[in-house]
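One structure is given here, and the rest of the page talks about it.
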Amino acid sequence: MRTVRNIVTTTTCIFLLAGCGGIDMQQTSPTVAGSSEPSGLIFKCEQDQKALTGASAALTAQIETASSSITASAPGDLSNDPVVRSLVAAVASTAVQAQRNAMAMRGDASATAAADAALTRIGTPGTLSASDFKNFAQNLAKSVFDPVVNGTSSNAGSNSSFWTTLVTYYDQYFQGKFVDRFGNKLSPPAAKGSVNDEEISGVVAIFVEALADSILKTPVWKDSSGNYYPGASKDEPTVLEAGILSAPAGLVTNPGQCGMTTLKTRAVKYFSDMASARAGMVGGLVSGSFGGIHFGLGVMGKISIGDNQTLQVIIKTALSKAAGRAAEHASYLVLSQVGYSSQLDQAFQKNGNLPADLVAYLQNGK
(Lines give C-alpha, C1' and ligand atoms only; values in the text may rest on other atoms or scores of the structure.)
Protein backbone atom coordinates (compact mmCIF):
# COMPACT_ATOMS: atom_id res chain seq x y z
CA MET A 1 0.00 0.00 0.00
CA ARG A 2 1.48 3.32 -0.98
CA THR A 3 1.86 6.01 1.63
CA VAL A 4 -0.81 8.66 1.15
CA ARG A 5 -0.23 12.11 2.55
CA ASN A 6 -0.75 14.80 -0.05
CA ILE A 7 -4.06 14.99 -1.86
CA VAL A 8 -2.65 16.57 -5.01
CA THR A 9 1.01 15.58 -5.08
CA THR A 10 2.27 14.56 -8.49
CA THR A 11 5.85 13.75 -9.29
CA THR A 12 7.49 16.56 -11.24
CA CYS A 13 10.01 14.37 -13.01
CA ILE A 14 9.15 13.99 -16.66
CA PHE A 15 9.14 10.66 -18.50
CA LEU A 16 9.99 11.27 -22.14
CA LEU A 17 7.59 9.64 -24.54
CA ALA A 18 10.17 8.08 -26.77
CA GLY A 19 11.57 4.63 -27.31
CA CYS A 20 10.68 2.34 -24.43
CA GLY A 21 9.95 5.28 -22.08
CA GLY A 22 6.53 6.60 -21.15
CA ILE A 23 4.43 8.39 -18.58
CA ASP A 24 4.05 6.47 -15.35
CA MET A 25 0.36 7.12 -14.70
CA GLN A 26 0.75 6.29 -11.03
CA GLN A 27 2.92 9.39 -10.74
CA THR A 28 0.26 11.67 -12.25
CA SER A 29 -2.58 10.43 -10.03
CA PRO A 30 -3.33 12.59 -6.97
CA THR A 31 -2.71 10.98 -3.61
CA VAL A 32 -4.96 11.43 -0.62
CA ALA A 33 -4.38 12.82 2.86
CA GLY A 34 -6.67 13.01 5.86
CA SER A 35 -5.83 9.55 7.22
CA SER A 36 -4.53 10.85 10.56
CA GLU A 37 -6.78 11.86 13.47
CA PRO A 38 -7.82 15.50 12.97
CA SER A 39 -7.53 17.88 15.90
CA GLY A 40 -7.78 21.55 16.76
CA LEU A 41 -9.59 23.61 14.14
CA ILE A 42 -10.34 20.47 12.09
CA PHE A 43 -12.08 17.61 13.90
CA LYS A 44 -13.92 14.36 13.28
CA CYS A 45 -17.66 15.02 12.94
CA GLU A 46 -20.28 12.81 14.56
CA GLN A 47 -21.94 10.23 12.33
CA ASP A 48 -23.62 6.85 12.74
CA GLN A 49 -20.70 4.46 12.26
CA LYS A 50 -22.78 1.47 11.20
CA ALA A 51 -24.54 3.47 8.51
CA LEU A 52 -21.22 4.96 7.43
CA THR A 53 -19.65 1.51 7.06
CA GLY A 54 -22.53 0.39 4.85
CA ALA A 55 -22.33 3.54 2.75
CA SER A 56 -18.58 3.08 2.34
CA ALA A 57 -19.01 -0.50 1.15
CA ALA A 58 -21.70 0.56 -1.31
CA LEU A 59 -19.56 3.38 -2.68
CA THR A 60 -16.53 1.14 -3.13
CA ALA A 61 -18.64 -1.48 -4.89
CA GLN A 62 -20.22 1.17 -7.15
CA ILE A 63 -16.83 2.49 -8.24
CA GLU A 64 -15.46 -0.98 -8.91
CA THR A 65 -18.56 -2.09 -10.83
CA ALA A 66 -18.67 1.09 -12.92
CA SER A 67 -14.98 0.75 -13.76
CA SER A 68 -15.45 -2.78 -15.05
CA SER A 69 -18.54 -1.75 -17.00
CA ILE A 70 -16.74 1.06 -18.81
CA THR A 71 -13.80 -1.04 -19.92
CA ALA A 72 -16.21 -3.75 -21.08
CA SER A 73 -18.76 -1.57 -22.87
CA ALA A 74 -16.78 1.37 -24.25
CA PRO A 75 -17.57 1.69 -27.97
CA GLY A 76 -15.41 0.07 -30.63
CA ASP A 77 -11.68 -0.21 -30.06
CA LEU A 78 -11.89 2.02 -26.96
CA SER A 79 -12.88 -1.00 -24.86
CA ASN A 80 -9.36 -2.40 -25.18
CA ASP A 81 -7.57 0.94 -25.44
CA PRO A 82 -4.61 1.21 -23.00
CA VAL A 83 -5.27 4.91 -22.32
CA VAL A 84 -8.92 4.28 -21.46
CA ARG A 85 -8.01 1.38 -19.19
CA SER A 86 -5.29 3.44 -17.54
CA LEU A 87 -7.57 6.44 -16.97
CA VAL A 88 -10.25 4.18 -15.50
CA ALA A 89 -7.75 2.59 -13.10
CA ALA A 90 -6.26 5.96 -12.12
CA VAL A 91 -9.60 7.61 -11.36
CA ALA A 92 -11.09 4.56 -9.62
CA SER A 93 -8.06 3.76 -7.47
CA THR A 94 -7.71 7.36 -6.28
CA ALA A 95 -11.38 7.45 -5.26
CA VAL A 96 -11.24 4.13 -3.42
CA GLN A 97 -7.98 5.16 -1.74
CA ALA A 98 -9.69 8.31 -0.44
CA GLN A 99 -12.62 6.27 0.85
CA ARG A 100 -10.17 3.91 2.53
CA ASN A 101 -8.40 6.77 4.29
CA ALA A 102 -11.64 8.33 5.47
CA MET A 103 -12.64 5.02 7.04
CA ALA A 104 -9.17 4.43 8.48
CA MET A 105 -9.38 7.82 10.20
CA ARG A 106 -12.52 6.57 11.96
CA GLY A 107 -10.91 3.27 12.92
CA ASP A 108 -13.23 1.22 10.71
CA ALA A 109 -11.12 -1.86 10.05
CA SER A 110 -13.83 -3.65 8.05
CA ALA A 111 -14.35 -0.82 5.55
CA THR A 112 -10.60 -0.25 5.32
CA ALA A 113 -9.96 -3.91 4.50
CA ALA A 114 -12.75 -3.93 1.89
CA ALA A 115 -11.23 -0.89 0.20
CA ASP A 116 -7.77 -2.50 0.23
CA ALA A 117 -9.19 -5.57 -1.50
CA ALA A 118 -10.93 -3.39 -4.10
CA LEU A 119 -7.68 -1.51 -4.78
CA THR A 120 -5.97 -4.81 -5.50
CA ARG A 121 -8.68 -5.80 -7.96
CA ILE A 122 -8.71 -2.39 -9.69
CA GLY A 123 -4.95 -2.51 -10.16
CA THR A 124 -2.52 0.23 -11.11
CA PRO A 125 -2.81 2.54 -14.13
CA GLY A 126 0.54 1.45 -15.57
CA THR A 127 2.74 3.34 -18.04
CA LEU A 128 1.63 4.93 -21.31
CA SER A 129 3.69 5.76 -24.39
CA ALA A 130 3.33 8.27 -27.21
CA SER A 131 1.91 5.53 -29.41
CA ASP A 132 -0.73 4.78 -26.79
CA PHE A 133 -2.00 8.35 -26.87
CA LYS A 134 -1.91 8.47 -30.66
CA ASN A 135 -3.93 5.26 -30.83
CA PHE A 136 -6.34 6.64 -28.22
CA ALA A 137 -7.05 9.68 -30.41
CA GLN A 138 -7.52 7.45 -33.43
CA ASN A 139 -9.80 5.04 -31.57
CA LEU A 140 -11.83 7.92 -30.19
CA ALA A 141 -12.33 9.27 -33.71
CA LYS A 142 -13.29 5.87 -35.12
CA SER A 143 -15.48 4.70 -32.25
CA VAL A 144 -17.36 7.85 -31.30
CA PHE A 145 -17.23 10.16 -34.31
CA ASP A 146 -17.45 7.72 -37.20
CA PRO A 147 -20.60 8.80 -39.09
CA VAL A 148 -21.18 5.18 -40.17
CA VAL A 149 -22.83 3.17 -37.40
CA ASN A 150 -21.69 -0.43 -37.28
CA GLY A 151 -24.76 -2.39 -36.25
CA THR A 152 -22.69 -5.50 -35.54
CA SER A 153 -20.64 -3.85 -32.79
CA SER A 154 -20.77 -5.80 -29.55
CA ASN A 155 -19.68 -2.87 -27.41
CA ALA A 156 -21.56 0.36 -28.26
CA GLY A 157 -25.24 -0.35 -27.85
CA SER A 158 -28.37 1.00 -26.23
CA ASN A 159 -27.73 -1.17 -23.18
CA SER A 160 -24.46 0.60 -22.41
CA SER A 161 -24.96 3.41 -19.92
CA PHE A 162 -21.49 4.72 -20.73
CA TRP A 163 -22.34 4.92 -24.43
CA THR A 164 -25.58 6.75 -23.54
CA THR A 165 -23.59 9.20 -21.43
CA LEU A 166 -21.10 9.80 -24.25
CA VAL A 167 -23.90 10.51 -26.73
CA THR A 168 -25.56 12.96 -24.34
CA TYR A 169 -22.33 14.74 -23.46
CA TYR A 170 -21.15 15.13 -27.05
CA ASP A 171 -24.62 16.24 -28.14
CA GLN A 172 -24.51 19.00 -25.52
CA TYR A 173 -20.95 19.85 -26.56
CA PHE A 174 -21.79 20.21 -30.27
CA GLN A 175 -24.69 22.49 -29.34
CA GLY A 176 -22.48 24.65 -27.13
CA LYS A 177 -24.49 23.68 -24.07
CA PHE A 178 -22.04 21.47 -22.20
CA VAL A 179 -21.38 22.73 -18.66
CA ASP A 180 -18.82 20.94 -16.51
CA ARG A 181 -19.07 20.49 -12.77
CA PHE A 182 -17.31 23.79 -12.11
CA GLY A 183 -19.69 25.84 -14.25
CA ASN A 184 -17.37 26.08 -17.26
CA LYS A 185 -18.94 26.03 -20.72
CA LEU A 186 -16.93 24.38 -23.48
CA SER A 187 -17.02 26.12 -26.84
CA PRO A 188 -18.39 23.86 -29.60
CA PRO A 189 -16.31 22.94 -32.69
CA ALA A 190 -16.31 25.61 -35.37
CA ALA A 191 -17.08 23.01 -38.11
CA LYS A 192 -14.93 24.75 -40.73
CA GLY A 193 -13.49 21.61 -42.25
CA SER A 194 -10.64 21.23 -39.79
CA VAL A 195 -10.15 20.72 -36.08
CA ASN A 196 -7.74 22.96 -34.16
CA ASP A 197 -5.94 22.16 -30.91
CA GLU A 198 -8.60 23.83 -28.75
CA GLU A 199 -11.30 21.66 -30.31
CA ILE A 200 -9.18 18.53 -29.93
CA SER A 201 -8.81 19.43 -26.27
CA GLY A 202 -12.59 19.78 -25.99
CA VAL A 203 -13.22 16.39 -27.58
CA VAL A 204 -10.79 14.66 -25.19
CA ALA A 205 -12.06 16.62 -22.18
CA ILE A 206 -15.66 15.57 -22.82
CA PHE A 207 -14.63 11.92 -23.02
CA VAL A 208 -12.75 12.08 -19.69
CA GLU A 209 -15.65 13.96 -18.07
CA ALA A 210 -18.06 11.22 -19.15
CA LEU A 211 -15.68 8.53 -17.94
CA ALA A 212 -15.14 10.17 -14.53
CA ASP A 213 -18.83 10.94 -14.01
CA SER A 214 -19.77 7.36 -14.85
CA ILE A 215 -17.27 5.96 -12.35
CA LEU A 216 -17.41 8.44 -9.48
CA LYS A 217 -20.87 10.00 -9.47
CA THR A 218 -19.43 12.79 -7.34
CA PRO A 219 -22.28 14.95 -6.02
CA VAL A 220 -23.08 18.43 -7.26
CA TRP A 221 -24.41 20.69 -4.51
CA LYS A 222 -27.01 23.46 -4.75
CA ASP A 223 -27.72 26.27 -2.31
CA SER A 224 -30.96 28.09 -1.58
CA SER A 225 -30.05 30.82 -4.08
CA GLY A 226 -29.85 28.38 -6.99
CA ASN A 227 -26.04 28.26 -7.22
CA TYR A 228 -24.43 24.95 -8.15
CA TYR A 229 -21.22 23.87 -6.42
CA PRO A 230 -18.28 23.32 -6.51
CA GLY A 231 -18.42 25.85 -9.35
CA ALA A 232 -20.60 28.43 -7.54
CA SER A 233 -22.42 28.88 -10.86
CA LYS A 234 -26.06 29.39 -11.84
CA ASP A 235 -25.61 27.10 -14.86
CA GLU A 236 -26.81 23.54 -14.27
CA PRO A 237 -23.96 21.07 -14.89
CA THR A 238 -24.55 18.57 -17.69
CA VAL A 239 -24.02 15.66 -15.28
CA LEU A 240 -27.44 16.53 -13.81
CA GLU A 241 -29.18 17.04 -17.14
CA ALA A 242 -27.78 13.72 -18.40
CA GLY A 243 -29.33 11.95 -15.41
CA ILE A 244 -26.10 10.49 -14.03
CA LEU A 245 -27.02 12.32 -10.83
CA SER A 246 -30.73 12.36 -10.12
CA ALA A 247 -30.62 15.64 -8.20
CA PRO A 248 -28.15 18.05 -6.62
CA ALA A 249 -27.20 17.41 -3.00
CA GLY A 250 -27.84 19.93 -0.26
CA LEU A 251 -25.24 21.91 1.66
CA VAL A 252 -25.01 22.00 5.44
CA THR A 253 -24.70 25.33 7.24
CA ASN A 254 -23.16 24.13 10.51
CA PRO A 255 -19.37 23.80 10.00
CA GLY A 256 -19.20 21.20 12.74
CA GLN A 257 -21.50 18.80 10.88
CA CYS A 258 -20.52 16.02 8.53
CA GLY A 259 -21.35 16.81 4.93
CA MET A 260 -20.38 19.67 2.66
CA THR A 261 -20.43 23.42 3.30
CA THR A 262 -19.76 26.23 0.84
CA LEU A 263 -16.26 26.51 2.28
CA LYS A 264 -15.60 22.80 1.77
CA THR A 265 -16.70 23.00 -1.87
CA ARG A 266 -14.28 25.89 -2.32
CA ALA A 267 -11.50 23.64 -0.99
CA VAL A 268 -12.61 20.85 -3.34
CA LYS A 269 -12.26 23.17 -6.33
CA TYR A 270 -8.87 24.40 -5.12
CA PHE A 271 -7.41 20.91 -4.88
CA SER A 272 -8.96 19.82 -8.15
CA ASP A 273 -7.40 22.81 -9.91
CA MET A 274 -4.03 22.12 -8.29
CA ALA A 275 -4.03 18.45 -9.25
CA SER A 276 -5.09 19.30 -12.78
CA ALA A 277 -2.28 21.83 -13.16
CA ARG A 278 0.35 19.46 -11.76
CA ALA A 279 -0.68 16.57 -14.00
CA GLY A 280 -0.92 18.90 -16.99
CA MET A 281 2.71 19.84 -16.47
CA VAL A 282 3.69 16.25 -17.19
CA GLY A 283 1.85 16.26 -20.51
CA GLY A 284 2.90 19.80 -21.38
CA LEU A 285 6.60 19.15 -20.97
CA VAL A 286 6.73 16.04 -23.12
CA SER A 287 9.50 16.21 -25.69
CA GLY A 288 10.79 14.08 -28.56
CA SER A 289 10.01 13.63 -32.20
CA PHE A 290 7.15 11.47 -33.39
CA GLY A 291 5.75 10.54 -36.75
CA GLY A 292 2.32 11.87 -37.66
CA ILE A 293 -1.02 10.17 -38.12
CA HIS A 294 -4.00 11.48 -40.07
CA PHE A 295 -7.65 10.49 -40.00
CA GLY A 296 -11.09 11.89 -40.68
CA LEU A 297 -13.73 12.99 -38.17
CA GLY A 298 -16.67 12.79 -40.53
CA VAL A 299 -18.50 16.12 -40.71
CA MET A 300 -15.91 17.70 -38.42
CA GLY A 301 -13.17 17.40 -41.03
CA LYS A 302 -9.67 15.99 -40.81
CA ILE A 303 -7.35 15.84 -37.83
CA SER A 304 -3.58 15.49 -38.07
CA ILE A 305 -1.30 14.50 -35.24
CA GLY A 306 2.06 15.06 -36.77
CA ASP A 307 3.89 17.25 -34.26
CA ASN A 308 4.56 17.56 -30.57
CA GLN A 309 2.13 20.42 -30.00
CA THR A 310 -1.01 18.51 -30.97
CA LEU A 311 0.10 15.36 -29.23
CA GLN A 312 0.85 17.39 -26.11
CA VAL A 313 -2.68 18.80 -26.22
CA ILE A 314 -4.13 15.29 -26.17
CA ILE A 315 -1.81 14.08 -23.41
CA LYS A 316 -2.11 17.21 -21.29
CA THR A 317 -5.91 17.30 -21.53
CA ALA A 318 -6.34 13.61 -20.69
CA LEU A 319 -3.95 13.73 -17.73
CA SER A 320 -5.11 17.05 -16.29
CA LYS A 321 -8.82 16.24 -16.57
CA ALA A 322 -8.43 12.80 -15.00
CA ALA A 323 -6.25 14.08 -12.15
CA GLY A 324 -8.54 17.02 -11.49
CA ARG A 325 -11.65 14.86 -11.31
CA ALA A 326 -9.93 12.28 -9.10
CA ALA A 327 -8.69 14.99 -6.72
CA GLU A 328 -12.15 16.56 -6.60
CA HIS A 329 -13.74 13.30 -5.53
CA ALA A 330 -10.95 12.44 -3.10
CA SER A 331 -11.06 15.81 -1.33
CA TYR A 332 -14.87 15.60 -1.12
CA LEU A 333 -14.67 12.19 0.57
CA VAL A 334 -12.12 13.43 3.12
CA LEU A 335 -13.83 16.77 3.84
CA SER A 336 -17.31 15.31 4.21
CA GLN A 337 -16.04 13.27 7.18
CA VAL A 338 -14.68 16.20 9.21
CA GLY A 339 -15.99 19.37 10.77
CA TYR A 340 -14.13 22.60 11.38
CA SER A 341 -14.16 25.53 13.76
CA SER A 342 -16.67 28.30 13.15
CA GLN A 343 -13.80 30.81 13.19
CA LEU A 344 -12.60 29.34 9.85
CA ASP A 345 -16.08 29.79 8.44
CA GLN A 346 -16.32 33.34 9.75
CA ALA A 347 -13.00 34.27 8.18
CA PHE A 348 -14.08 32.74 4.86
CA GLN A 349 -17.38 34.60 4.88
CA LYS A 350 -15.55 37.84 5.67
CA ASN A 351 -12.76 37.81 3.09
CA GLY A 352 -13.60 34.92 0.73
CA ASN A 353 -10.14 33.39 1.13
CA LEU A 354 -9.57 29.68 1.58
CA PRO A 355 -8.31 29.13 5.18
CA ALA A 356 -4.72 27.91 5.35
CA ASP A 357 -5.63 25.48 8.15
CA LEU A 358 -8.04 23.57 5.91
CA VAL A 359 -5.47 23.45 3.11
CA ALA A 360 -2.78 22.26 5.54
CA TYR A 361 -5.01 19.44 6.79
CA LEU A 362 -5.69 18.14 3.30
CA GLN A 363 -2.07 18.50 2.18
CA ASN A 364 -0.41 17.06 5.26
CA GLY A 365 -3.05 14.89 6.89
CA LYS A 366 -2.82 16.84 10.15
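Chain identifiers are assigned as A, B, and so on, following the order in which chains appear in the C-alpha coordinates; residues are numbered from 1 within each chain, and ligands are numbered from 1 in order of appearance.
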
With segment 273-278 of chain A as the partner and 12 Å as the cut-off, tabulate the residues of segment 309-342 of chain A that qualify, each row holding the nearest pair of atoms and their distance in Å to one decimal, using only C-alpha atoms, sorted by chain and rising number, as JSON lines.
{"residue": "A:Lys316", "atom": "CA", "partner": "A:Ser276", "partner_atom": "CA", "distance": 9.3}
{"residue": "A:Thr317", "atom": "CA", "partner": "A:Ser276", "partner_atom": "CA", "distance": 9.0}
{"residue": "A:Ala318", "atom": "CA", "partner": "A:Ser276", "partner_atom": "CA", "distance": 9.8}
{"residue": "A:Leu319", "atom": "CA", "partner": "A:Ser276", "partner_atom": "CA", "distance": 7.5}
{"residue": "A:Ser320", "atom": "CA", "partner": "A:Ser276", "partner_atom": "CA", "distance": 4.2}
{"residue": "A:Lys321", "atom": "CA", "partner": "A:Ser276", "partner_atom": "CA", "distance": 6.1}
{"residue": "A:Ala322", "atom": "CA", "partner": "A:Ser276", "partner_atom": "CA", "distance": 7.6}
{"residue": "A:Ala323", "atom": "CA", "partner": "A:Ser276", "partner_atom": "CA", "distance": 5.4}
{"residue": "A:Gly324", "atom": "CA", "partner": "A:Ser276", "partner_atom": "CA", "distance": 4.3}
{"residue": "A:Arg325", "atom": "CA", "partner": "A:Ser276", "partner_atom": "CA", "distance": 8.1}
{"residue": "A:Ala326", "atom": "CA", "partner": "A:Ala275", "partner_atom": "CA", "distance": 8.5}
{"residue": "A:Ala327", "atom": "CA", "partner": "A:Ala275", "partner_atom": "CA", "distance": 6.3}
{"residue": "A:Glu328", "atom": "CA", "partner": "A:Asp273", "partner_atom": "CA", "distance": 8.5}
{"residue": "A:His329", "atom": "CA", "partner": "A:Ala275", "partner_atom": "CA", "distance": 11.6}
{"residue": "A:Ala330", "atom": "CA", "partner": "A:Ala275", "partner_atom": "CA", "distance": 11.0}
{"residue": "A:Ser331", "atom": "CA", "partner": "A:Ala275", "partner_atom": "CA", "distance": 10.9}

Quick check, in Å to one decimal: how far apart do atom CA of Ala130 of chain A and atom CA of Leu216 of chain A lie?
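Those two atoms sit 27.3 Å apart.
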
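Of the listed residues A:Ala72, A:Val144, A:Ala247, A:Ala57, the one whose atoms come nearest to Ala114 of chain A is A:Ala57, with distances taken using only C-alpha atoms.
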
Any chance you could list, as JSON, numbers by chain, the residues in segment 94-277 of chain A that come up strand (DSSP E) when DSSP is run on the backbone?
{"A": [127, 128, 221, 222, 228, 229, 249, 250]}

For the selection you just gave me, I'd like the residues written to a file as a PDB file, in the first residue's frame, keeping N, CA and C atoms.
ATOM      1  N   THR A 127       1.943   2.344 -17.319  1.00  0.00           N
ATOM      2  CA  THR A 127       2.743   3.337 -18.042  1.00  0.00           C
ATOM      3  C   THR A 127       2.233   3.450 -19.475  1.00  0.00           C
ATOM      4  N   LEU A 128       2.139   4.685 -19.963  1.00  0.00           N
ATOM      5  CA  LEU A 128       1.628   4.929 -21.311  1.00  0.00           C
ATOM      6  C   LEU A 128       2.698   5.582 -22.171  1.00  0.00           C
ATOM      7  N   TRP A 221     -23.632  20.116  -5.594  1.00  0.00           N
ATOM      8  CA  TRP A 221     -24.414  20.694  -4.514  1.00  0.00           C
ATOM      9  C   TRP A 221     -25.115  21.962  -4.991  1.00  0.00           C
ATOM     10  N   LYS A 222     -26.246  22.270  -4.379  1.00  0.00           N
ATOM     11  CA  LYS A 222     -27.013  23.456  -4.755  1.00  0.00           C
ATOM     12  C   LYS A 222     -27.465  24.179  -3.498  1.00  0.00           C
ATOM     13  N   TYR A 228     -24.933  26.325  -8.150  1.00  0.00           N
ATOM     14  CA  TYR A 228     -24.432  24.953  -8.148  1.00  0.00           C
ATOM     15  C   TYR A 228     -22.959  24.953  -7.738  1.00  0.00           C
ATOM     16  N   TYR A 229     -22.603  23.988  -6.898  1.00  0.00           N
ATOM     17  CA  TYR A 229     -21.221  23.871  -6.420  1.00  0.00           C
ATOM     18  C   TYR A 229     -20.668  22.498  -6.788  1.00  0.00           C
ATOM     19  N   ALA A 249     -27.192  17.619  -4.441  1.00  0.00           N
ATOM     20  CA  ALA A 249     -27.200  17.411  -2.996  1.00  0.00           C
ATOM     21  C   ALA A 249     -27.310  18.755  -2.288  1.00  0.00           C
ATOM     22  N   GLY A 250     -27.730  18.709  -1.038  1.00  0.00           N
ATOM     23  CA  GLY A 250     -27.843  19.932  -0.259  1.00  0.00           C
ATOM     24  C   GLY A 250     -26.559  20.222   0.509  1.00  0.00           C
TER      25      GLY A 250
END

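In this structure, atom CA of Leu263 of chain A sits 25.2 Å away from atom CA of Ile215 of chain A.
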
What are the closest atom pairs, with distances in Å to one decimal, for all residues of segment 66-117 of chain A lying within 10 Å of segment 335-344 of chain A? Consider only C-alpha atoms, order rows by chain and residue number, and present the result as a tab-separated table.
residue	atom	partner	partner_atom	distance
A:Ala102	CA	A:Gln337	CA	6.8
A:Met103	CA	A:Gln337	CA	8.9
A:Met105	CA	A:Gln337	CA	9.1
A:Arg106	CA	A:Gln337	CA	9.0

Counting only C-alpha atoms, figure out which residue out of A:Phe136, A:Asn351, A:Ser161, A:Pro189 gets nearest to Ile315 of chain A.
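Checking each of A:Phe136, A:Asn351, A:Ser161, A:Pro189 against Ile315 of chain A, counting only C-alpha atoms, the winner is A:Phe136.
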
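Pairwise distance (atom CA of Val334 of chain A, atom CA of Pro82 of chain A) equals 29.8 Å.
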
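Minimum distance to Ser73 of chain A across A:Met260, A:Ala95, A:Ala117, A:Leu211 (counting only C-alpha atoms) occurs at A:Leu211.
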
Segment 198-208 of chain A environment, 9 Å, only C-alpha atoms, sequence neighbours closer than 4 positions dropped, as a list in words:
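Residues near the query, excluding close chain neighbours: Val84, Leu87, Ala137, Leu140, Leu166, Tyr169, Tyr170, Tyr173, Phe178, Asp180, Leu186, Ser187, Pro188, Pro189, Ala190, Ala212, Asp213, Ile303, Thr310, Val313, Ile314, Lys316, Thr317, Ala318, Lys321, Ala322 and Arg325 of chain A.
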
Selection: 10 Å around Glu64 of chain A, only C-alpha atoms, excl. self and same-chain fewer than 4 positions, as a short mmCIF file (atom, residue, chain, number, x, y, z; two decimals) with N, CA and C atoms, in the first residue's frame:
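In the end it all went to selection_27.cif:
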data_model
loop_
_atom_site.label_atom_id
_atom_site.label_comp_id
_atom_site.auth_asym_id
_atom_site.auth_seq_id
_atom_site.Cartn_x
_atom_site.Cartn_y
_atom_site.Cartn_z
N ALA A 58 -20.91 0.34 -0.10
CA ALA A 58 -21.70 0.56 -1.31
C ALA A 58 -20.97 1.44 -2.30
N LEU A 59 -20.30 2.48 -1.79
CA LEU A 59 -19.56 3.38 -2.68
C LEU A 59 -18.39 2.67 -3.34
N THR A 60 -17.66 1.89 -2.57
CA THR A 60 -16.53 1.14 -3.13
C THR A 60 -17.00 0.17 -4.20
N SER A 68 -15.42 -1.58 -14.21
CA SER A 68 -15.45 -2.78 -15.05
C SER A 68 -16.41 -2.62 -16.21
N SER A 69 -17.54 -1.95 -15.96
CA SER A 69 -18.54 -1.75 -17.00
C SER A 69 -18.01 -0.88 -18.14
N VAL A 88 -9.26 4.81 -16.38
CA VAL A 88 -10.25 4.18 -15.50
C VAL A 88 -9.59 3.74 -14.19
N ALA A 89 -8.45 3.06 -14.29
CA ALA A 89 -7.75 2.59 -13.10
C ALA A 89 -7.27 3.75 -12.24
N ALA A 92 -10.44 5.46 -10.59
CA ALA A 92 -11.09 4.56 -9.62
C ALA A 92 -10.22 4.31 -8.40
N SER A 93 -8.94 4.06 -8.61
CA SER A 93 -8.06 3.76 -7.47
C SER A 93 -7.89 4.97 -6.55
N VAL A 96 -11.16 5.18 -4.45
CA VAL A 96 -11.24 4.13 -3.42
C VAL A 96 -10.19 4.36 -2.34
N ALA A 118 -10.47 -3.99 -2.83
CA ALA A 118 -10.93 -3.39 -4.10
C ALA A 118 -9.76 -2.76 -4.85
N LEU A 119 -8.85 -2.12 -4.14
CA LEU A 119 -7.68 -1.51 -4.78
C LEU A 119 -6.83 -2.56 -5.49
N ARG A 121 -7.95 -5.36 -6.76
CA ARG A 121 -8.68 -5.80 -7.96
C ARG A 121 -8.64 -4.74 -9.06
N ILE A 122 -8.74 -3.47 -8.69
CA ILE A 122 -8.71 -2.39 -9.69
C ILE A 122 -7.36 -2.32 -10.38
N ILE A 215 -17.92 6.73 -13.41
CA ILE A 215 -17.27 5.96 -12.35
C ILE A 215 -17.59 6.52 -10.97
N LEU A 216 -17.41 7.83 -10.81
CA LEU A 216 -17.41 8.44 -9.48
C LEU A 216 -18.78 8.87 -8.98
#

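Closest approach to Asp171 of chain A among A:Ser129, A:Thr238, A:Thr65, A:Ser110: A:Thr238, based on only C-alpha atoms.
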
Best match for closeness to Thr71 of chain A among A:Asn139, A:Thr165, A:Ser86, A:Asn184, counting only C-alpha atoms:
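For Thr71 of chain A, the nearest of the given residues is A:Ser86.
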
Given only C-alpha atoms as the basis, pick out the residue of A:Gln99, A:Thr262, A:Gln309, A:Asn80 nearest to Ala61 of chain A.
A:Gln99

Excluding Ala267 of chain A and its own-chain neighbours fewer than 5 positions away, which residues fall within 8 Å of it when counting only C-alpha atoms? Please give them as JSON, numbers by chain.
{"A": [331, 354, 358, 359]}
